[in-house]
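One file, upload-v6.cif, is given below (mmCIF, C-alpha atoms and all ligand atoms).
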```
data_work
#
loop_
_atom_site.label_atom_id
_atom_site.label_comp_id
_atom_site.auth_asym_id
_atom_site.auth_seq_id
_atom_site.Cartn_x
_atom_site.Cartn_y
_atom_site.Cartn_z
CA MET A 1 -18.89 -10.43 32.96
CA ASP A 2 -16.29 -8.95 30.62
CA SER A 3 -18.11 -7.25 27.76
CA ARG A 4 -14.97 -6.37 25.78
CA LEU A 5 -15.19 -7.42 22.14
CA ASP A 6 -11.60 -8.05 21.10
CA GLY A 7 -11.21 -6.77 17.54
CA ARG A 8 -7.54 -7.76 17.47
CA ALA A 9 -8.29 -11.42 18.15
CA ILE A 10 -11.24 -11.56 15.75
CA ALA A 11 -9.23 -9.79 13.04
CA LYS A 12 -6.44 -12.30 13.55
CA SER A 13 -8.79 -15.19 12.87
CA VAL A 14 -10.06 -13.45 9.69
CA ARG A 15 -6.45 -12.85 8.56
CA THR A 16 -5.52 -16.48 9.22
CA ALA A 17 -8.42 -17.67 7.06
CA THR A 18 -7.35 -15.22 4.33
CA ARG A 19 -3.72 -16.35 4.57
CA ASN A 20 -4.75 -19.97 4.11
CA ALA A 21 -6.91 -19.07 1.11
CA VAL A 22 -4.12 -16.93 -0.39
CA GLU A 23 -1.74 -19.87 0.02
CA SER A 24 -4.04 -22.20 -1.96
CA PHE A 25 -4.61 -19.50 -4.58
CA SER A 26 -0.89 -18.82 -4.97
CA ALA A 27 -0.08 -22.51 -5.39
CA HIS A 28 -1.10 -22.26 -9.06
CA ALA A 29 -1.12 -18.52 -9.80
CA ASP A 30 0.79 -15.34 -9.01
CA PRO A 31 -0.12 -14.09 -5.53
CA PRO A 32 -2.93 -11.49 -5.32
CA ALA A 33 -1.50 -8.03 -6.00
CA LEU A 34 -2.61 -4.77 -4.41
CA ALA A 35 -1.64 -1.32 -5.71
CA VAL A 36 -1.81 1.42 -3.08
CA VAL A 37 -1.77 5.06 -4.18
CA LEU A 38 -0.50 7.50 -1.55
CA VAL A 39 -0.58 11.22 -2.37
CA GLY A 40 1.30 13.71 -0.21
CA ASP A 41 2.99 13.19 3.13
CA HIS A 42 0.12 13.26 5.62
CA PRO A 43 1.65 11.34 8.60
CA ALA A 44 -1.55 9.44 9.51
CA SER A 45 -2.07 8.37 5.86
CA ALA A 46 1.55 7.23 5.57
CA SER A 47 1.16 5.23 8.76
CA TYR A 48 -2.11 3.61 7.56
CA VAL A 49 -0.41 2.66 4.28
CA ARG A 50 2.56 1.13 6.12
CA GLY A 51 0.11 -0.89 8.24
CA LYS A 52 -1.77 -2.13 5.17
CA LYS A 53 1.46 -3.08 3.39
CA ARG A 54 2.73 -5.02 6.40
CA ALA A 55 -0.60 -6.80 6.87
CA ALA A 56 -0.75 -7.69 3.15
CA SER A 57 2.70 -9.19 3.24
CA GLU A 58 1.81 -11.26 6.33
CA VAL A 59 -1.00 -13.02 4.45
CA GLY A 60 1.00 -13.45 1.24
CA ILE A 61 -0.57 -10.60 -0.75
CA GLN A 62 1.91 -8.67 -2.82
CA SER A 63 1.56 -4.88 -2.51
CA THR A 64 3.13 -1.90 -4.25
CA VAL A 65 2.87 1.66 -2.98
CA HIS A 66 2.69 4.37 -5.66
CA ARG A 67 3.76 7.52 -3.86
CA ARG A 68 3.06 10.85 -5.48
CA ASP A 69 3.81 14.38 -4.38
CA ALA A 70 0.91 16.46 -2.97
CA SER A 71 1.35 18.77 -5.97
CA ILE A 72 0.27 16.05 -8.47
CA SER A 73 -2.45 17.31 -10.81
CA GLN A 74 -5.81 15.59 -10.98
CA HIS A 75 -5.10 14.73 -14.60
CA GLU A 76 -1.83 12.98 -13.66
CA LEU A 77 -3.49 11.10 -10.82
CA LEU A 78 -6.32 9.89 -13.07
CA ASP A 79 -3.69 8.75 -15.58
CA LEU A 80 -1.98 6.71 -12.86
CA ILE A 81 -5.31 5.06 -11.96
CA ARG A 82 -6.00 4.25 -15.63
CA THR A 83 -2.55 2.68 -15.93
CA LEU A 84 -3.25 0.50 -12.88
CA ASN A 85 -6.69 -0.39 -14.28
CA ALA A 86 -5.07 -1.60 -17.49
CA ASP A 87 -2.30 -3.53 -15.74
CA ASP A 88 -3.25 -7.22 -15.68
CA ALA A 89 -0.80 -7.86 -12.86
CA VAL A 90 -2.82 -5.59 -10.53
CA ASP A 91 -5.84 -7.18 -8.82
CA GLY A 92 -6.82 -4.45 -6.40
CA ILE A 93 -6.41 -0.67 -6.33
CA LEU A 94 -6.68 1.43 -3.20
CA VAL A 95 -6.31 5.21 -3.08
CA GLN A 96 -5.51 6.36 0.44
CA LEU A 97 -7.85 9.16 1.50
CA PRO A 98 -7.98 12.07 2.12
CA LEU A 99 -6.58 13.56 -1.08
CA PRO A 100 -5.28 17.15 -1.36
CA ASP A 101 -8.00 19.80 -1.72
CA HIS A 102 -7.30 20.52 -5.41
CA ILE A 103 -8.20 16.93 -6.33
CA ASP A 104 -11.81 15.79 -6.72
CA GLN A 105 -11.93 12.63 -4.63
CA TYR A 106 -15.09 11.40 -6.37
CA ALA A 107 -13.52 11.73 -9.83
CA VAL A 108 -10.63 9.60 -8.62
CA ILE A 109 -12.86 6.93 -7.06
CA GLU A 110 -15.06 6.78 -10.17
CA THR A 111 -12.00 6.20 -12.35
CA ILE A 112 -11.00 3.03 -10.49
CA ASP A 113 -12.09 -0.12 -12.34
CA PRO A 114 -15.01 -1.37 -10.17
CA THR A 115 -13.66 -4.93 -10.41
CA LYS A 116 -10.42 -3.72 -8.75
CA ASP A 117 -12.10 -1.38 -6.25
CA VAL A 118 -11.14 -3.25 -3.06
CA ASP A 119 -12.22 -0.30 -0.87
CA GLY A 120 -15.74 -0.65 -2.31
CA PHE A 121 -16.18 3.13 -2.66
CA HIS A 122 -16.99 3.18 -6.41
CA PRO A 123 -20.63 4.19 -7.03
CA GLN A 124 -21.18 0.87 -8.81
CA ASN A 125 -20.07 -1.07 -5.73
CA LEU A 126 -22.01 1.15 -3.32
CA GLY A 127 -25.07 0.82 -5.59
CA ARG A 128 -24.74 -2.94 -5.68
CA LEU A 129 -24.53 -2.98 -1.91
CA LEU A 130 -27.70 -0.93 -1.67
CA ILE A 131 -29.70 -3.25 -3.92
CA GLY A 132 -28.42 -6.33 -2.12
CA THR A 133 -25.98 -7.77 -4.68
CA PRO A 134 -22.67 -6.59 -3.21
CA GLN A 135 -19.35 -7.22 -4.93
CA PHE A 136 -16.89 -5.29 -2.75
CA VAL A 137 -18.16 -4.11 0.62
CA PRO A 138 -16.26 -1.18 2.20
CA ALA A 139 -13.84 -2.65 4.72
CA THR A 140 -14.89 -0.82 7.90
CA PRO A 141 -18.62 -1.63 7.66
CA ALA A 142 -17.79 -5.20 6.58
CA GLY A 143 -15.57 -5.57 9.66
CA ILE A 144 -18.30 -4.18 11.90
CA MET A 145 -20.73 -6.82 10.61
CA VAL A 146 -18.24 -9.56 11.53
CA LEU A 147 -17.89 -8.07 15.03
CA LEU A 148 -21.68 -7.97 15.43
CA GLU A 149 -22.01 -11.58 14.25
CA ARG A 150 -19.51 -12.59 16.94
CA ALA A 151 -21.29 -10.58 19.63
CA LEU A 152 -24.89 -11.55 18.86
CA ASP A 153 -26.51 -14.80 17.73
CA ASP A 154 -29.02 -13.03 15.53
CA LEU A 155 -29.49 -9.45 14.37
CA ALA A 156 -33.02 -10.01 13.04
CA GLY A 157 -35.37 -7.37 14.35
CA ALA A 158 -32.66 -5.76 16.51
CA ARG A 159 -32.92 -1.99 16.81
CA ALA A 160 -29.62 -0.67 15.47
CA VAL A 161 -28.65 3.00 15.69
CA VAL A 162 -25.84 4.17 13.43
CA VAL A 163 -24.38 7.52 14.51
CA GLY A 164 -22.76 9.10 11.43
CA ARG A 165 -23.80 9.17 7.77
CA SER A 166 -20.50 9.19 5.88
CA ASN A 167 -20.14 7.41 2.55
CA ILE A 168 -17.38 5.18 3.89
CA VAL A 169 -18.91 4.09 7.21
CA GLY A 170 -22.43 5.21 8.19
CA LYS A 171 -24.31 4.82 4.89
CA PRO A 172 -22.86 1.46 3.75
CA LEU A 173 -23.21 0.11 7.29
CA ALA A 174 -26.89 1.08 7.40
CA ALA A 175 -27.36 -0.73 4.07
CA LEU A 176 -25.67 -3.89 5.40
CA LEU A 177 -27.68 -3.90 8.61
CA MET A 178 -30.98 -3.68 6.77
CA GLN A 179 -30.17 -6.38 4.18
CA ARG A 180 -32.23 -9.52 4.23
CA ASP A 181 -29.39 -11.57 5.73
CA ALA A 182 -29.08 -9.21 8.75
CA ASN A 183 -32.64 -7.92 9.09
CA ALA A 184 -31.94 -5.26 11.71
CA THR A 185 -34.23 -2.23 12.07
CA VAL A 186 -31.94 0.69 11.35
CA THR A 187 -31.95 4.32 12.44
CA VAL A 188 -29.25 6.64 11.11
CA CYS A 189 -28.38 9.64 13.30
CA HIS A 190 -26.14 12.55 12.34
CA SER A 191 -25.07 16.03 13.35
CA ARG A 192 -28.60 17.43 12.87
CA THR A 193 -30.41 14.67 14.76
CA ARG A 194 -32.63 15.95 17.56
CA ASP A 195 -32.24 14.18 20.92
CA LEU A 196 -29.56 11.65 20.00
CA ALA A 197 -29.87 10.08 23.47
CA ALA A 198 -33.51 9.15 22.88
CA HIS A 199 -32.44 7.12 19.84
CA THR A 200 -29.41 5.46 21.44
CA LYS A 201 -31.35 4.62 24.62
CA ALA A 202 -33.96 2.72 22.62
CA ALA A 203 -31.30 0.75 20.72
CA ASP A 204 -30.12 -2.84 21.08
CA ILE A 205 -27.04 -1.95 19.03
CA VAL A 206 -25.25 1.41 18.90
CA ILE A 207 -22.56 2.04 16.32
CA ALA A 208 -20.72 5.31 16.87
CA ALA A 209 -18.97 6.70 13.80
CA ALA A 210 -19.01 10.46 14.34
CA GLY A 211 -15.40 11.26 15.20
CA ARG A 212 -16.41 13.01 18.45
CA PRO A 213 -14.72 11.90 21.70
CA ASN A 214 -17.15 11.05 24.52
CA LEU A 215 -20.22 11.49 22.32
CA ILE A 216 -21.85 8.36 23.74
CA THR A 217 -22.02 8.35 27.53
CA ALA A 218 -23.42 5.77 29.95
CA ASP A 219 -26.70 7.63 30.49
CA MET A 220 -27.37 7.42 26.73
CA VAL A 221 -27.53 3.60 26.50
CA SER A 222 -29.65 0.85 27.98
CA ASP A 223 -28.47 -2.19 29.90
CA GLY A 224 -27.45 -5.06 27.62
CA VAL A 225 -26.62 -2.85 24.65
CA THR A 226 -24.00 -3.89 22.08
CA VAL A 227 -21.69 -1.00 21.23
CA ILE A 228 -19.32 -0.70 18.29
CA ASP A 229 -17.02 2.31 18.58
CA VAL A 230 -15.66 3.30 15.17
CA GLY A 231 -14.29 6.71 16.17
CA ILE A 232 -10.58 7.38 16.19
CA ASN A 233 -9.85 10.67 17.91
CA ARG A 234 -6.62 12.16 19.15
CA VAL A 235 -6.89 13.81 22.55
CA ASP A 236 -4.04 15.70 24.24
CA ASP A 237 -2.23 13.64 26.86
CA ASP A 238 0.95 15.02 28.40
CA SER A 239 1.66 11.70 30.11
CA ARG A 240 2.32 10.11 26.69
CA GLU A 241 5.62 10.65 24.94
CA ARG A 242 3.85 11.62 21.70
CA GLY A 243 1.61 14.11 23.57
CA TYR A 244 -1.74 12.50 22.69
CA ARG A 245 -3.69 9.29 23.00
CA LEU A 246 -6.34 7.72 20.77
CA VAL A 247 -9.91 7.45 21.99
CA GLY A 248 -13.18 6.49 20.33
CA ASP A 249 -16.56 8.20 20.38
CA VAL A 250 -17.77 6.23 23.40
CA ASP A 251 -16.99 6.72 27.09
CA TYR A 252 -15.73 3.14 27.27
CA ASP A 253 -15.10 2.84 31.02
CA ALA A 254 -18.58 4.03 31.96
CA VAL A 255 -20.48 2.25 29.16
CA ALA A 256 -18.70 -1.16 29.38
CA PRO A 257 -20.35 -2.26 32.67
CA LYS A 258 -23.81 -1.75 31.10
CA ALA A 259 -22.96 -3.40 27.79
CA HIS A 260 -23.48 -6.92 26.54
CA ALA A 261 -20.51 -6.30 24.24
CA ILE A 262 -18.37 -3.26 23.41
CA THR A 263 -15.31 -2.66 21.23
CA PRO A 264 -12.33 -0.77 22.66
CA VAL A 265 -10.31 1.91 20.86
CA PRO A 266 -7.68 1.03 19.87
CA GLY A 267 -8.08 -2.71 19.30
CA GLY A 268 -11.69 -2.85 18.08
CA VAL A 269 -12.82 -1.80 14.62
CA GLY A 270 -9.37 -0.67 13.37
CA PRO A 271 -7.80 -4.14 13.04
CA MET A 272 -11.00 -5.46 11.42
CA THR A 273 -10.81 -2.80 8.69
CA ILE A 274 -7.40 -4.01 7.55
CA ALA A 275 -8.43 -7.67 7.76
CA MET A 276 -11.46 -7.04 5.53
CA LEU A 277 -9.38 -5.10 3.00
CA LEU A 278 -7.10 -8.12 2.63
CA ARG A 279 -10.13 -10.36 2.19
CA ASN A 280 -11.46 -8.03 -0.53
CA THR A 281 -8.10 -8.12 -2.32
CA LEU A 282 -8.08 -11.92 -2.35
CA GLN A 283 -11.66 -11.85 -3.63
CA ALA A 284 -10.65 -9.45 -6.44
CA ALA A 285 -7.86 -11.81 -7.52
CA GLN A 286 -10.16 -14.86 -7.38
CA HIS A 287 -12.84 -13.09 -9.36
CA ARG A 288 -10.57 -11.54 -12.00
CA ARG A 289 -8.51 -14.66 -12.62
CA ALA A 290 -11.26 -17.26 -12.42
P1 LIG A 301 -17.09 11.88 8.75
O1 LIG A 301 -16.46 13.06 9.40
O2 LIG A 301 -17.10 11.75 7.28
O3 LIG A 301 -18.58 11.74 9.26
C1 LIG A 301 -18.94 11.97 10.59
C2 LIG A 301 -20.43 11.81 10.72
O4 LIG A 301 -20.77 11.99 12.09
C3 LIG A 301 -21.22 12.84 9.92
O5 LIG A 301 -22.19 12.15 9.17
C4 LIG A 301 -21.87 13.74 10.97
O6 LIG A 301 -23.18 14.12 10.61
C5 LIG A 301 -21.90 12.84 12.20
N1 LIG A 301 -21.76 13.61 13.44
C6 LIG A 301 -20.81 14.53 13.73
N2 LIG A 301 -21.04 15.05 14.96
C7 LIG A 301 -22.15 14.45 15.43
C8 LIG A 301 -22.88 14.57 16.64
N3 LIG A 301 -22.51 15.42 17.60
N4 LIG A 301 -23.99 13.81 16.78
C9 LIG A 301 -24.38 12.94 15.83
N5 LIG A 301 -23.71 12.78 14.67
C10 LIG A 301 -22.61 13.53 14.47
O7 LIG A 301 -16.39 10.63 9.44
P2 LIG A 301 -16.07 9.12 8.98
O8 LIG A 301 -15.08 9.13 7.90
O9 LIG A 301 -17.32 8.32 8.84
O10 LIG A 301 -15.36 8.64 10.32
C11 LIG A 301 -16.01 8.69 11.57
C12 LIG A 301 -15.01 8.31 12.64
O11 LIG A 301 -14.62 6.98 12.44
C13 LIG A 301 -13.73 9.14 12.64
O12 LIG A 301 -13.26 9.28 13.97
C14 LIG A 301 -12.77 8.27 11.85
O13 LIG A 301 -11.41 8.50 12.21
C15 LIG A 301 -13.21 6.91 12.27
N6 LIG A 301 -12.94 5.84 11.31
C16 LIG A 301 -12.37 4.72 11.79
C17 LIG A 301 -12.12 3.67 10.94
C18 LIG A 301 -11.52 2.42 11.50
O14 LIG A 301 -11.03 1.60 10.77
N7 LIG A 301 -11.55 2.21 12.81
C19 LIG A 301 -12.43 3.76 9.58
C20 LIG A 301 -13.05 4.92 9.11
C21 LIG A 301 -13.30 5.95 10.00
#
```
Take the structure in the file and give it back as structure tokens.
Amino acid sequence: MDSRLDGRAIAKSVRTATRNAVESFSAHADPPALAVVLVGDHPASASYVRGKKRAASEVGIQSTVHRRDASISQHELLDLIRTLNADDAVDGILVQLPLPDHIDQYAVIETIDPTKDVDGFHPQNLGRLLIGTPQFVPATPAGIMVLLERALDDLAGARAVVVGRSNIVGKPLAALLMQRDANATVTVCHSRTRDLAAHTKAADIVIAAAGRPNLITADMVSDGVTVIDVGINRVDDDSRERGYRLVGDVDYDAVAPKAHAITPVPGGVGPMTIAMLLRNTLQAAQHRRA
């Protein structure tokens, strides 16, 4: 049986639902508007921003990219955020990470108006998620929950192992999995975890978000496991024109035959992240202009 969980197809269905909802919304109001702040000329960041802009336009969300040089001061960047906060025509604000080293990323995130924080990284939104009254859920964990709902009838009581404890993936995902509407039993593993394999082997669900190619191998999982591979890693590949290929954290070919369901990289979590960001932007517009 094919265990491949097709993130592209599932993301497409989420985007179609969002496009239909945006169409109804825009019938009697200006379309939802997203402001994207891009600092510096990091090629991966520029490419992510292009992808988000294209996807927004496809569902009828209007987006504006505010590009700033990497030399921008923190003060100037915070001023830009405050201007966007005060602009009634802006529903959602997204600051593409990472930011240059001289800028305090947390100061920037905390300056975003929480009601426009479509990435869900503001402490108020992360706090609300933790206490079970979420407003904006970070897009990658939200997308992972949709993938899990498609793969499994019920998460209640399932043993879920999250590998990675970042603020943007691991921690919010653990919070979502343990909420009352999911009811999974959650273990969070990280770089200091002893015997990672013992945890993953005992799991019904493994979510790998460490950014380490081949971290999860076939001998580390049990038959019937559901695997979500969040990792995006570049590995050298001379056979490709660009000299590298993208892989996840999981040895897909060896793990897939054992798995009930598994996401590929690319084509798994990545498309879901963008789809959920668009959904959050629509939600911001609906909420702000209700
Ligand atoms: P991060 O670097 O902030 O965190 C990595 C986490 O993995 C840390 O908590 C660390 O403790 C843990 N870790 C590292 N090595 C480990 C090991 N050997 N064993 C167990 N745990 C280990 O990363 P992040 O921002 O959460 O991203 C993780 C990966 O997911 C990256 O590859 C990133 O590119 C990818 N990512 C993908 C999407 C998407 O949309 N598909 C979105 C966000 C991040």
Nearest residue to ligand LIG 301 (chain A) out of A:Val265, A:Ala285, A:Leu155, A:Val146, using only C-alpha atoms and all ligand atoms?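 Once distances to ligand LIG 301 (chain A) are computed over only C-alpha atoms and all ligand atoms, the minimum belongs to A:Val265.
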Give one line per residue of chain A that approaches ligand LIG 301 (chain A) to at most 7 Å, naming the two atoms of the closest pair and their distance in Å to one decimal, counting all atoms listed in the file; sort by chain then ascending residue number and deliver it as a Markdown table.
```
| residue | atom | partner | partner_atom | distance |
| --- | --- | --- | --- | --- |
| A:Thr140 | CA | A:LIG301 | O14 | 5.4 |
| A:Val163 | CA | A:LIG301 | N5 | 5.3 |
| A:Gly164 | CA | A:LIG301 | O4 | 3.6 |
| A:Arg165 | CA | A:LIG301 | O5 | 3.7 |
| A:Ser166 | CA | A:LIG301 | O9 | 4.4 |
| A:Asn167 | CA | A:LIG301 | O9 | 7.0 |
| A:Ile168 | CA | A:LIG301 | O9 | 5.9 |
| A:Val169 | CA | A:LIG301 | O9 | 4.8 |
| A:Gly170 | CA | A:LIG301 | O9 | 6.0 |
| A:Cys189 | CA | A:LIG301 | C9 | 5.8 |
| A:His190 | CA | A:LIG301 | N5 | 3.4 |
| A:Ser191 | CA | A:LIG301 | C10 | 3.7 |
| A:Arg192 | CA | A:LIG301 | O6 | 6.7 |
| A:Thr193 | CA | A:LIG301 | C9 | 6.4 |
| A:Leu196 | CA | A:LIG301 | C9 | 6.8 |
| A:Ala209 | CA | A:LIG301 | C11 | 4.2 |
| A:Ala210 | CA | A:LIG301 | O4 | 3.2 |
| A:Gly211 | CA | A:LIG301 | O12 | 3.2 |
| A:Arg212 | CA | A:LIG301 | N2 | 6.1 |
| A:Leu215 | CA | A:LIG301 | N3 | 6.6 |
| A:Val230 | CA | A:LIG301 | O11 | 4.7 |
| A:Gly231 | CA | A:LIG301 | O12 | 3.5 |
| A:Ile232 | CA | A:LIG301 | O12 | 4.0 |
| A:Asn233 | CA | A:LIG301 | O12 | 5.4 |
| A:Gly248 | CA | A:LIG301 | O12 | 6.9 |
| A:Val269 | CA | A:LIG301 | N7 | 4.6 |
| A:Gly270 | CA | A:LIG301 | N7 | 3.7 |
| A:Pro271 | CA | A:LIG301 | O14 | 7.0 |
| A:Thr273 | CA | A:LIG301 | O14 | 4.9 |
```
Looking at only C-alpha atoms, which of A:Asp6, A:Pro213, A:Asp204, A:Tyr252 is the one that sits closest to A:Val235? A:Pro213
Counting all atoms listed in the file, the option among A:Leu126, A:Ala21, A:Ala89, A:Val39 closest to A:Arg289: A:Ala89
Name the residues in contact with stretch 23-26 of chain A at a cut-off of 9 Å, using all atoms listed in the file, excluding same-chain residues fewer than 2 positions from it; report them as a list in words.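 Here the answer would be Thr18, Arg19, Asn20, Ala21, His28, Ala29, Asp30, Pro31, Pro32, Val59, Gly60, Leu282, Ala285 and Gln286 of chain A.
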Give me, please, the distance in Å between atom CA of A:Arg8 and atom CA of A:Leu152, quoted to one decimal. 17.8 Å
Nearest to A:Pro257 by atom-to-atom distance, counting only C-alpha atoms, from A:Asp2, A:Asp238, A:Asp195, A:Asp154: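 Using only C-alpha atoms, A:Pro257 sits closest to A:Asp2.
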A:Val118 surroundings by all atoms listed in the file, 10 Å radius, close-in-sequence under 2 positions cut, as a JSON list (two decimals) with C-alpha atoms, in the frame of the given file:
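Generated output (result-v4.json):
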```json
[["chain", "number", "residue", "atom", "x", "y", "z"],
["A", 34, "LEU", "CA", -2.61, -4.77, -4.41],
["A", 91, "ASP", "CA", -5.84, -7.18, -8.82],
["A", 92, "GLY", "CA", -6.82, -4.45, -6.40],
["A", 93, "ILE", "CA", -6.41, -0.67, -6.33],
["A", 94, "LEU", "CA", -6.68, 1.43, -3.20],
["A", 95, "VAL", "CA", -6.31, 5.21, -3.08],
["A", 112, "ILE", "CA", -11.00, 3.03, -10.49],
["A", 113, "ASP", "CA", -12.09, -0.12, -12.34],
["A", 114, "PRO", "CA", -15.01, -1.37, -10.17],
["A", 115, "THR", "CA", -13.66, -4.93, -10.41],
["A", 116, "LYS", "CA", -10.42, -3.72, -8.75],
["A", 120, "GLY", "CA", -15.74, -0.65, -2.31],
["A", 121, "PHE", "CA", -16.18, 3.13, -2.66],
["A", 122, "HIS", "CA", -16.99, 3.18, -6.41],
["A", 125, "ASN", "CA", -20.07, -1.07, -5.73],
["A", 135, "GLN", "CA", -19.35, -7.22, -4.93],
["A", 136, "PHE", "CA", -16.89, -5.29, -2.75],
["A", 137, "VAL", "CA", -18.16, -4.11, 0.62],
["A", 138, "PRO", "CA", -16.26, -1.18, 2.20],
["A", 139, "ALA", "CA", -13.84, -2.65, 4.72],
["A", 276, "MET", "CA", -11.46, -7.04, 5.53],
["A", 277, "LEU", "CA", -9.38, -5.10, 3.00],
["A", 278, "LEU", "CA", -7.10, -8.12, 2.63],
["A", 279, "ARG", "CA", -10.13, -10.36, 2.19],
["A", 280, "ASN", "CA", -11.46, -8.03, -0.53],
["A", 281, "THR", "CA", -8.10, -8.12, -2.32],
["A", 282, "LEU", "CA", -8.08, -11.92, -2.35],
["A", 283, "GLN", "CA", -11.66, -11.85, -3.63],
["A", 284, "ALA", "CA", -10.65, -9.45, -6.44]]
```
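Distance-wise, atom CA of A:Val255 and atom CA of A:Asp236 end up 21.8 Å apart.
Comparing A:Asn85, A:Pro98, A:His260, A:Ala175 by their smallest distance to A:Pro134, the closest is A:Ala175 (using only C-alpha atoms).
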In the coordinate frame of the file, compute which residues have an atom within 12 Å of (-6.0, 6.4, -4.2) when using only C-alpha atoms, and state them as an MDAnalysis selection string. chainID A and resid 34:40 45 49 65:68 74 77:82 84 92:100 103:112 116:119 121:122
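Our summary of the geometry notes that atom CA of A:Arg128 is positioned 13.1 Å from atom CA of A:Lys171.
Nearest residue to A:Ala17, choosing from A:Arg288, A:Ala275, A:Thr185, A:Thr83 and counting only C-alpha atoms: A:Ala275.
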Quick one: residues within 7 Å of A:Val161, all atoms listed in the file counted, chain neighbours fewer than 4 positions away excluded, as a VMD selection string? chain A and resid 186 to 188 199 to 200 203 205 to 207
